[in-house]
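Participant: Next comes structure_22.txt, compact mmCIF, C-alpha atoms:
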# COMPACT_ATOMS: atom_id res chain seq x y z
CA MET K 1 0.00 0.00 0.00
CA SER K 2 1.04 3.60 -0.47
CA LEU K 3 1.96 5.78 2.52
CA TYR K 4 -1.25 7.73 1.97
CA GLY K 5 -3.32 4.57 1.96
CA ILE K 6 -1.67 3.27 5.13
CA GLY K 7 -2.20 6.59 6.90
CA LYS K 8 -5.85 6.71 5.89
CA GLN K 9 -6.53 3.16 7.06
CA LEU K 10 -4.67 3.54 10.37
CA ARG K 11 -5.70 7.18 10.87
CA LEU K 12 -2.11 8.37 11.14
CA GLN K 13 -0.38 11.43 9.72
CA ARG K 14 1.61 10.76 6.55
CA ASN K 15 4.86 11.97 8.17
CA THR K 16 4.37 9.45 10.98
CA VAL K 17 3.78 6.63 8.49
CA ARG K 18 6.86 7.69 6.50
CA ARG K 19 9.04 7.68 9.63
CA TYR K 20 7.93 4.13 10.53
CA ALA K 21 8.32 2.93 6.95
CA ARG K 22 11.86 4.25 6.64
CA ALA K 23 13.09 2.91 9.99
CA ALA K 24 15.38 -0.10 9.56
CA THR K 25 15.18 -1.08 13.25
CA ALA K 26 12.91 -0.38 16.20
CA GLU K 27 15.73 1.53 17.90
CA GLU K 28 15.60 4.19 15.19
CA LEU K 29 12.06 5.06 16.26
CA LEU K 30 13.23 5.71 19.83
CA THR K 31 15.90 8.25 18.92
CA GLN K 32 15.25 11.96 18.69
CA ASN K 33 15.12 13.67 15.35
CA PRO K 34 18.44 15.31 14.42
CA ARG K 35 18.64 19.04 14.83
CA ARG K 36 17.92 21.24 11.86
CA GLY K 37 20.89 22.51 9.94
CA SER K 38 22.03 26.11 10.11
CA GLN K 39 23.82 28.49 7.77
CA LEU K 40 26.96 27.95 9.83
CA ASP K 41 27.20 24.18 9.28
CA PRO K 42 29.15 24.28 5.96
CA PHE K 43 31.82 26.46 7.62
CA THR K 44 32.27 24.62 10.92
CA GLU K 45 35.15 22.53 9.59
CA TYR K 46 37.00 25.67 8.48
CA LEU K 47 36.32 27.35 11.83
CA ALA K 48 37.68 24.29 13.66
CA MET K 49 40.85 24.45 11.57
CA ARG K 50 41.34 28.15 12.34
CA TRP K 51 40.63 27.48 16.02
CA ALA K 52 43.40 24.86 16.03
CA GLN K 53 45.65 27.59 14.57
CA ASP K 54 44.92 29.73 17.67
CA CYS K 55 42.51 32.08 15.91
CA THR K 56 39.82 32.30 18.61
CA ASN K 57 38.33 35.74 17.99
CA ALA K 58 34.71 35.45 16.87
CA VAL K 59 34.80 38.76 14.97
CA GLU K 60 37.84 37.71 12.93
CA LEU K 61 36.40 34.24 12.29
CA THR K 62 33.10 35.73 11.10
CA ALA K 63 34.91 38.06 8.70
CA GLU K 64 36.90 35.14 7.25
CA ILE K 65 33.92 32.89 6.59
CA ARG K 66 31.94 35.79 5.11
CA LEU K 67 34.59 35.88 2.39
CA ARG K 68 33.85 32.19 1.83
CA GLY K 69 30.11 32.74 1.40
CA TYR K 70 28.68 32.80 4.95
CA ARG K 71 25.48 34.88 5.15
CA GLY K 72 24.54 34.34 8.79
CA SER K 73 25.06 36.46 11.88
CA GLU K 74 28.15 37.01 14.00
CA ARG K 75 26.11 35.89 17.01
CA SER K 76 25.94 32.33 15.64
CA VAL K 77 29.74 32.22 15.34
CA ARG K 78 30.12 33.67 18.81
CA ASP K 79 27.77 31.06 20.30
CA LEU K 80 29.66 28.22 18.59
CA VAL K 81 33.04 29.51 19.72
CA SER K 82 31.82 29.89 23.30
CA THR K 83 30.99 26.16 23.43
CA TRP K 84 34.49 25.36 22.22
CA ARG K 85 36.05 27.42 25.01
CA THR K 86 34.48 25.22 27.69
CA SER K 87 34.40 21.85 25.92
CA PRO K 88 37.18 19.28 26.54
CA ILE K 89 36.55 17.82 23.07
CA PRO K 90 38.58 19.41 20.24
CA PRO K 91 36.35 21.27 17.76
CA SER K 92 37.58 19.11 14.88
CA ALA K 93 36.05 16.09 16.63
CA THR K 94 32.59 17.66 16.73
CA PRO K 95 30.29 15.64 14.43
CA GLN K 96 28.67 17.63 11.64
CA PRO K 97 25.06 17.00 10.62
CA PRO K 98 24.37 16.17 6.98
CA PRO K 99 22.97 18.97 4.81
CA THR K 100 19.20 19.26 4.70
CA ALA K 101 17.14 18.63 1.57
CA ARG K 102 16.53 22.39 1.27
CA GLN K 103 20.25 23.14 1.38
CA VAL K 104 21.03 20.52 -1.27
CA THR K 105 18.23 21.87 -3.48
CA MET K 106 19.64 25.38 -3.17
CA LEU K 107 23.10 24.17 -4.20
CA MET K 108 21.72 22.34 -7.23
CA MET K 109 19.63 25.28 -8.42
CA ARG K 110 22.24 27.99 -8.00
CA PRO K 111 24.57 28.75 -10.95
CA ARG K 112 27.88 26.95 -10.52
CA HIS K 113 29.94 30.14 -10.80
CA LYS K 114 28.04 31.61 -7.84
CA LEU K 115 28.88 28.74 -5.49
CA THR K 116 31.64 29.29 -2.97
CA GLU K 117 34.53 26.87 -2.67
CA ASP K 118 32.96 25.27 0.41
CA GLU K 119 29.58 24.95 -1.34
CA HIS K 120 31.24 23.28 -4.33
CA THR K 121 32.89 20.80 -1.96
CA GLN K 122 29.66 20.15 -0.08
CA LEU K 123 27.68 19.51 -3.26
CA HIS K 124 30.40 17.22 -4.62
CA GLU K 125 30.39 15.18 -1.40
CA VAL K 126 26.61 14.81 -1.52
CA VAL K 127 26.31 13.63 -5.13
CA ARG K 128 29.45 11.49 -4.94
CA ARG K 129 27.72 9.10 -2.54
CA CYS K 130 24.51 8.57 -4.50
CA ASP K 131 24.03 7.83 -8.21
CA THR K 132 20.43 9.07 -8.10
CA LEU K 133 21.45 12.42 -6.61
CA ARG K 134 24.23 12.71 -9.17
CA ALA K 135 21.75 12.26 -12.04
CA LEU K 136 19.28 14.60 -10.34
CA ASN K 137 21.95 17.26 -9.92
CA GLU K 138 22.83 17.18 -13.61
CA LEU K 139 19.22 17.34 -14.81
CA VAL K 140 18.14 20.05 -12.34
CA SER K 141 21.21 22.15 -13.12
CA ASP K 142 20.64 21.80 -16.87
CA PHE K 143 16.98 22.81 -16.60
CA ALA K 144 17.80 25.79 -14.38
CA GLY K 145 20.41 26.85 -16.94
CA MET K 146 17.84 26.62 -19.75
CA THR K 147 15.52 28.86 -17.75
CA ARG K 148 18.16 31.48 -16.97
CA GLU K 149 19.84 31.54 -20.39
CA ARG K 150 16.66 30.88 -22.46
CA HIS K 151 18.17 27.90 -24.27
CA GLY K 152 14.85 26.44 -25.39
CA HIS K 153 16.52 24.57 -28.25
CA HIS K 154 17.90 22.13 -25.63
CA LEU K 155 14.40 21.26 -24.36
CA ASN K 156 13.95 18.09 -26.46
CA THR K 157 17.30 16.71 -25.30
CA TRP K 158 16.49 17.48 -21.69
CA ILE K 159 13.05 15.85 -21.85
CA ALA K 160 14.54 12.70 -23.37
CA ALA K 161 17.21 12.53 -20.65
CA ALA K 162 14.63 13.08 -17.89
CA GLN K 163 12.31 10.39 -19.26
CA ALA K 164 15.23 7.96 -19.47
CA SER K 165 16.25 8.60 -15.85
CA ASP K 166 15.32 6.42 -12.85
CA ILE K 167 13.67 9.35 -11.05
CA PRO K 168 9.85 9.05 -11.21
CA GLN K 169 9.24 12.69 -10.26
CA LEU K 170 11.40 13.97 -13.11
CA ARG K 171 9.80 11.58 -15.58
CA ARG K 172 6.36 12.89 -14.63
CA PHE K 173 7.59 16.47 -14.90
CA ALA K 174 9.02 15.83 -18.36
CA THR K 175 5.72 14.28 -19.47
CA SER K 176 3.82 17.32 -18.21
CA LEU K 177 6.07 19.57 -20.30
CA LEU K 178 5.03 17.69 -23.43
CA ALA K 179 1.38 18.42 -22.68
CA ASP K 180 2.03 22.14 -23.28
CA TYR K 181 5.21 21.84 -25.30
CA ASP K 182 4.85 24.90 -27.56
CA ALA K 183 4.22 27.26 -24.63
CA VAL K 184 7.09 25.79 -22.59
CA ARG K 185 9.56 26.07 -25.45
CA ALA K 186 8.45 29.64 -26.17
CA GLY K 187 8.89 30.53 -22.50
CA LEU K 188 12.40 29.07 -22.51
CA THR K 189 13.35 30.81 -25.78
CA LEU K 190 11.61 34.16 -26.24
CA PRO K 191 12.41 37.30 -24.22
CA TRP K 192 8.73 38.16 -23.75
CA SER K 193 6.49 36.95 -20.95
CA SER K 194 3.08 37.58 -19.42
CA GLY K 195 4.68 38.97 -16.27
CA ALA K 196 3.40 42.50 -16.87
CA VAL K 197 -0.16 41.24 -17.36
CA GLU K 198 0.01 39.05 -14.26
CA GLY K 199 1.39 41.98 -12.27
CA ASN K 200 -1.55 44.20 -13.25
CA VAL K 201 -4.04 41.45 -12.42
CA THR K 202 -2.48 41.10 -8.97
CA ARG K 203 -2.62 44.88 -8.47
CA ILE K 204 -6.33 45.03 -9.40
CA LYS K 205 -7.10 42.16 -7.02
CA ALA K 206 -5.27 44.01 -4.24
CA ILE K 207 -7.37 47.14 -4.87
CA LYS K 208 -10.55 45.06 -4.73
CA ARG K 209 -9.47 43.49 -1.45
CA GLN K 210 -8.94 46.96 0.02
CA MET K 211 -12.67 47.56 -0.55
CA TYR K 212 -13.62 44.09 0.71
CA GLY K 213 -14.84 43.05 -2.76
CA ARG K 214 -17.63 45.64 -2.81
CA ALA K 215 -16.27 47.81 -5.64
CA ASN K 216 -18.47 48.04 -8.73
CA PHE K 217 -16.85 48.44 -12.13
CA ASP K 218 -17.00 52.29 -12.20
CA LEU K 219 -15.39 52.71 -8.79
CA LEU K 220 -12.78 50.05 -9.50
CA ARG K 221 -11.93 51.75 -12.82
CA ARG K 222 -11.43 55.11 -11.09
CA ARG K 223 -9.18 53.64 -8.45
CA VAL K 224 -7.07 51.75 -10.98
CA LEU K 225 -6.59 54.92 -13.06
CA LEU K 226 -5.80 57.02 -9.97
CA ALA K 227 -3.25 54.46 -8.82
CA HIS K 228 -1.09 55.40 -11.80
Do you think you could lay out the structure here as structure tokens?
Facilitator:
Amino acid sequence: MSLYGIGKQLRLQRNTVRRYARAATAEELLTQNPRRGSQLDPFTEYLAMRWAQDCTNAVELTAEIRLRGYRGSERSVRDLVSTWRTSPIPPSATPQPPPTARQVTMLMMRPRHKLTEDEHTQLHEVVRRCDTLRALNELVSDFAGMTRERHGHHLNTWIAAAQASDIPQLRRFATSLLADYDAVRAGLTLPWSSGAVEGNVTRIKAIKRQMYGRANFDLLRRRVLLAH
């Protein structure tokens, strides 16, 4: 049965069913969920190295990792360093949590030239350990590049590669592109879009909401013209 079907029959949330289904042993169900990752995680190894080199000033360490792509606060660095000052365990021995799905997605979607050296290393380590993630990384990166660079002439090749992959979600996505192929290819090729029209529709809806949907056509027309 599917996870949805199991949850419906047992009256359990889908996340609960998924957690039980993925557990290899009963002991896994008794452990706490790992903590969520933070923006500082990709730089902890570098900070530990600098700490071992007697660089223990949080301000200096923050400035160094900002040059390597860190976008978080100095407070996070200061809190981490403060735990190292009182811990008998060397910082380099502190276990690092794996990157979250959101972090990996961000790395795959971002242009390669905009990734920092640490982000390149992190992405390489993730895809190196899994053939499926390696194929996913290539296909997602290629599609994102088509979108940014408007290389619609590569669409047929990409769809064929996605349909030949072992990733069901990508195969379904590729099939959905074929259902509206002409529009998709035009959107990935031509410089024009319906963004301006959609923006005006959103603006008109916002004006109507300001009047709680009670505006007749004449009043709405006046307000739209005055808004210019």
Participant: Could you work out how far CA of Val104 (chain K) lies from CA of Tyr46 (chain K), giving the answer in Å with one decimal?
Facilitator: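 These atoms are spaced 19.4 Å apart.
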Participant: Which residue is closest to Leu80 (chain K)? Choose from K:Thr175, K:Ser141, K:Thr44, K:Thr116 and count all atoms listed in the file.
Facilitator: K:Thr44
Participant: Counting only C-alpha atoms, which residue out of K:Ala183, K:Met211, K:Leu170, K:Val126 sits closest to Gln103 (chain K)?
Facilitator: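 Once distances to Gln103 (chain K) are computed over only C-alpha atoms, the minimum belongs to K:Val126.
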Participant: Show which residues sit within 12 Å of Arg203 (chain K), as a ChimeraX atom specification. Count only C-alpha atoms, and ignore same-chain residues fewer than 3 positions away.
Facilitator: /K:196-200,206-210,220,223-225,227-228
Participant: Go ahead and dump the residues you just picked, C-alpha atoms, as a CSV table (one decimal), in the coordinates of the input.
Facilitator:
chain,number,residue,atom,x,y,z
K,196,ALA,CA,3.4,42.5,-16.9
K,197,VAL,CA,-0.2,41.2,-17.4
K,198,GLU,CA,0.0,39.0,-14.3
K,199,GLY,CA,1.4,42.0,-12.3
K,200,ASN,CA,-1.6,44.2,-13.2
K,206,ALA,CA,-5.3,44.0,-4.2
K,207,ILE,CA,-7.4,47.1,-4.9
K,208,LYS,CA,-10.6,45.1,-4.7
K,209,ARG,CA,-9.5,43.5,-1.4
K,210,GLN,CA,-8.9,47.0,0.0
K,220,LEU,CA,-12.8,50.0,-9.5
K,223,ARG,CA,-9.2,53.6,-8.4
K,224,VAL,CA,-7.1,51.8,-11.0
K,225,LEU,CA,-6.6,54.9,-13.1
K,227,ALA,CA,-3.2,54.5,-8.8
K,228,HIS,CA,-1.1,55.4,-11.8
Participant: To test the calculation: enclose all listed atoms of region 137-153 of chain K in a box whose edges run along x, y and z, add 4 Å on each side, then state centre and edge lengths in Å to one decimal, as lines of an AutoDock Vina configuration file.
Facilitator:
center_x = 18.8
center_y = 24.4
center_z = -19.1
size_x = 16.0
size_y = 22.4
size_z = 26.3
Participant: Have a look at CA of Gln169 (chain K) and CA of Leu133 (chain K) and let me know their distance in Å, one decimal.
Facilitator: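 A separation of 12.7 Å between them.
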Participant: In Å, with one decimal, what is the gap from CA of Thr121 (chain K) to CA of Thr105 (chain K)?
Facilitator: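 Spanning CA of Thr121 (chain K) to CA of Thr105 (chain K) is a straight-line distance of 14.8 Å.
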Participant: Hey, which of K:Thr147, K:Ser82, K:Ser87, K:Asn15 ends up closest to Arg110 (chain K)? Count all atoms listed in the file.
Facilitator: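 Looking at the shortest contact to Arg110 (chain K), the residue is K:Thr147.
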Participant: Taking all atoms listed in the file into account, name the residue in K:Arg18, K:Arg128, K:Arg185, K:Arg134 that is nearest to Asn156 (chain K).
Facilitator: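 Answer, going by the shortest atom-to-atom distance: K:Arg185.
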Participant: Set the distance at 12 Å and use all atoms listed in the file: which residues neighbour Pro191 (chain K) once local chain neighbours fewer than 6 positions away are removed? I'd like the list as a PyMOL selection string.
Facilitator: chain K and resi 147-152+185
Participant: Applying 7 Å and only C-alpha atoms, which residues near Ala58 (chain K) remain after dropping the ones on its own chain fewer than 5 positions away? List them as a short mmCIF file (atom, residue, chain, number, x, y, z; two decimals) with C-alpha atoms, in the coordinates of the input.
Facilitator:
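Generated file (part_25.cif):
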data_model
loop_
_atom_site.label_atom_id
_atom_site.label_comp_id
_atom_site.auth_asym_id
_atom_site.auth_seq_id
_atom_site.Cartn_x
_atom_site.Cartn_y
_atom_site.Cartn_z
CA VAL K 77 29.74 32.22 15.34
CA ARG K 78 30.12 33.67 18.81
CA VAL K 81 33.04 29.51 19.72
#
Participant: Determine the nearest neighbour of Leu115 (chain K) from the options K:Phe217, K:Val184, K:Arg102, K:Tyr70, counting only C-alpha atoms.
Facilitator: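 Comparing K:Phe217, K:Val184, K:Arg102, K:Tyr70 against Leu115 (chain K), the winner is K:Tyr70.
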Participant: If we count only C-alpha atoms, what is near Phe43 (chain K) at a cut-off of 8 Å, once residues fewer than 4 positions away on the same chain are taken out, given as a PyMOL selection string?
Facilitator: chain K and resi 47+65+70+118
Participant: List the neighbours of Arg19 (chain K) out to 10 Å using all atoms listed in the file; skip same-chain residues closer than 4 positions along the sequence, and give me the result as a VMD selection string.
Facilitator: chain K and resid 14 to 15 23 28 to 29
Participant: Output C-alpha atoms of each residue in that selection to a file, as a short mmCIF file (atom, residue, chain, number, x, y, z; two decimals), in the frame of the given file.
Facilitator:
data_model
loop_
_atom_site.label_atom_id
_atom_site.label_comp_id
_atom_site.auth_asym_id
_atom_site.auth_seq_id
_atom_site.Cartn_x
_atom_site.Cartn_y
_atom_site.Cartn_z
CA ARG K 14 1.61 10.76 6.55
CA ASN K 15 4.86 11.97 8.17
CA ALA K 23 13.09 2.91 9.99
CA GLU K 28 15.60 4.19 15.19
CA LEU K 29 12.06 5.06 16.26
#
Participant: Out of K:Asn57, K:Pro98, K:Phe173, K:Asp131, which residue has the shortest atom-to-atom distance to Asp41 (chain K) when counting only C-alpha atoms?
Facilitator: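 The shortest atom-to-atom distance to Asp41 (chain K) comes from K:Pro98.
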Participant: Since the input is missing atoms for region 177-190 of chain K, could you rebuild it with N, CA, C and O atoms and give the result as a PDB file, keeping the file's coordinate frame?
Facilitator:
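Just written: part-v5.pdb:
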ATOM      1  N   LEU K 177       5.574  18.546 -19.374  1.00  0.00           N
ATOM      2  CA  LEU K 177       6.070  19.570 -20.300  1.00  0.00           C
ATOM      3  C   LEU K 177       5.584  19.305 -21.719  1.00  0.00           C
ATOM      4  O   LEU K 177       5.294  20.238 -22.474  1.00  0.00           O
ATOM      5  N   LEU K 178       5.499  18.035 -22.082  1.00  0.00           N
ATOM      6  CA  LEU K 178       5.030  17.690 -23.430  1.00  0.00           C
ATOM      7  C   LEU K 178       3.572  18.061 -23.641  1.00  0.00           C
ATOM      8  O   LEU K 178       3.153  18.321 -24.768  1.00  0.00           O
ATOM      9  N   ALA K 179       2.791  18.090 -22.557  1.00  0.00           N
ATOM     10  CA  ALA K 179       1.380  18.420 -22.680  1.00  0.00           C
ATOM     11  C   ALA K 179       1.163  19.861 -23.139  1.00  0.00           C
ATOM     12  O   ALA K 179       0.125  20.178 -23.728  1.00  0.00           O
ATOM     13  N   ASP K 180       2.130  20.738 -22.855  1.00  0.00           N
ATOM     14  CA  ASP K 180       2.030  22.140 -23.280  1.00  0.00           C
ATOM     15  C   ASP K 180       3.367  22.559 -23.889  1.00  0.00           C
ATOM     16  O   ASP K 180       3.924  23.598 -23.564  1.00  0.00           O
ATOM     17  N   TYR K 181       3.843  21.709 -24.789  1.00  0.00           N
ATOM     18  CA  TYR K 181       5.210  21.840 -25.300  1.00  0.00           C
ATOM     19  C   TYR K 181       5.484  23.194 -25.938  1.00  0.00           C
ATOM     20  O   TYR K 181       6.503  23.838 -25.647  1.00  0.00           O
ATOM     21  N   ASP K 182       4.604  23.657 -26.826  1.00  0.00           N
ATOM     22  CA  ASP K 182       4.850  24.900 -27.560  1.00  0.00           C
ATOM     23  C   ASP K 182       5.018  26.085 -26.598  1.00  0.00           C
ATOM     24  O   ASP K 182       5.905  26.933 -26.771  1.00  0.00           O
ATOM     25  N   ALA K 183       4.147  26.148 -25.578  1.00  0.00           N
ATOM     26  CA  ALA K 183       4.220  27.260 -24.630  1.00  0.00           C
ATOM     27  C   ALA K 183       5.501  27.169 -23.799  1.00  0.00           C
ATOM     28  O   ALA K 183       6.155  28.190 -23.530  1.00  0.00           O
ATOM     29  N   VAL K 184       5.874  25.960 -23.388  1.00  0.00           N
ATOM     30  CA  VAL K 184       7.090  25.790 -22.590  1.00  0.00           C
ATOM     31  C   VAL K 184       8.315  26.191 -23.390  1.00  0.00           C
ATOM     32  O   VAL K 184       9.181  26.931 -22.905  1.00  0.00           O
ATOM     33  N   ARG K 185       8.387  25.735 -24.629  1.00  0.00           N
ATOM     34  CA  ARG K 185       9.560  26.070 -25.450  1.00  0.00           C
ATOM     35  C   ARG K 185       9.622  27.566 -25.715  1.00  0.00           C
ATOM     36  O   ARG K 185      10.708  28.167 -25.696  1.00  0.00           O
ATOM     37  N   ALA K 186       8.469  28.187 -25.951  1.00  0.00           N
ATOM     38  CA  ALA K 186       8.450  29.640 -26.170  1.00  0.00           C
ATOM     39  C   ALA K 186       8.922  30.371 -24.918  1.00  0.00           C
ATOM     40  O   ALA K 186       9.681  31.342 -24.993  1.00  0.00           O
ATOM     41  N   GLY K 187       8.471  29.888 -23.740  1.00  0.00           N
ATOM     42  CA  GLY K 187       8.890  30.530 -22.500  1.00  0.00           C
ATOM     43  C   GLY K 187      10.367  30.391 -22.229  1.00  0.00           C
ATOM     44  O   GLY K 187      10.976  31.265 -21.596  1.00  0.00           O
ATOM     45  N   LEU K 188      10.970  29.291 -22.715  1.00  0.00           N
ATOM     46  CA  LEU K 188      12.400  29.070 -22.510  1.00  0.00           C
ATOM     47  C   LEU K 188      13.252  29.681 -23.620  1.00  0.00           C
ATOM     48  O   LEU K 188      14.483  29.591 -23.573  1.00  0.00           O
ATOM     49  N   THR K 189      12.613  30.293 -24.619  1.00  0.00           N
ATOM     50  CA  THR K 189      13.350  30.810 -25.780  1.00  0.00           C
ATOM     51  C   THR K 189      13.157  32.306 -25.960  1.00  0.00           C
ATOM     52  O   THR K 189      14.135  33.043 -26.162  1.00  0.00           O
ATOM     53  N   LEU K 190      11.921  32.776 -25.910  1.00  0.00           N
ATOM     54  CA  LEU K 190      11.610  34.160 -26.240  1.00  0.00           C
ATOM     55  C   LEU K 190      11.831  35.087 -25.047  1.00  0.00           C
ATOM     56  O   LEU K 190      11.677  34.671 -23.892  1.00  0.00           O
TER      57      LEU K 190
END
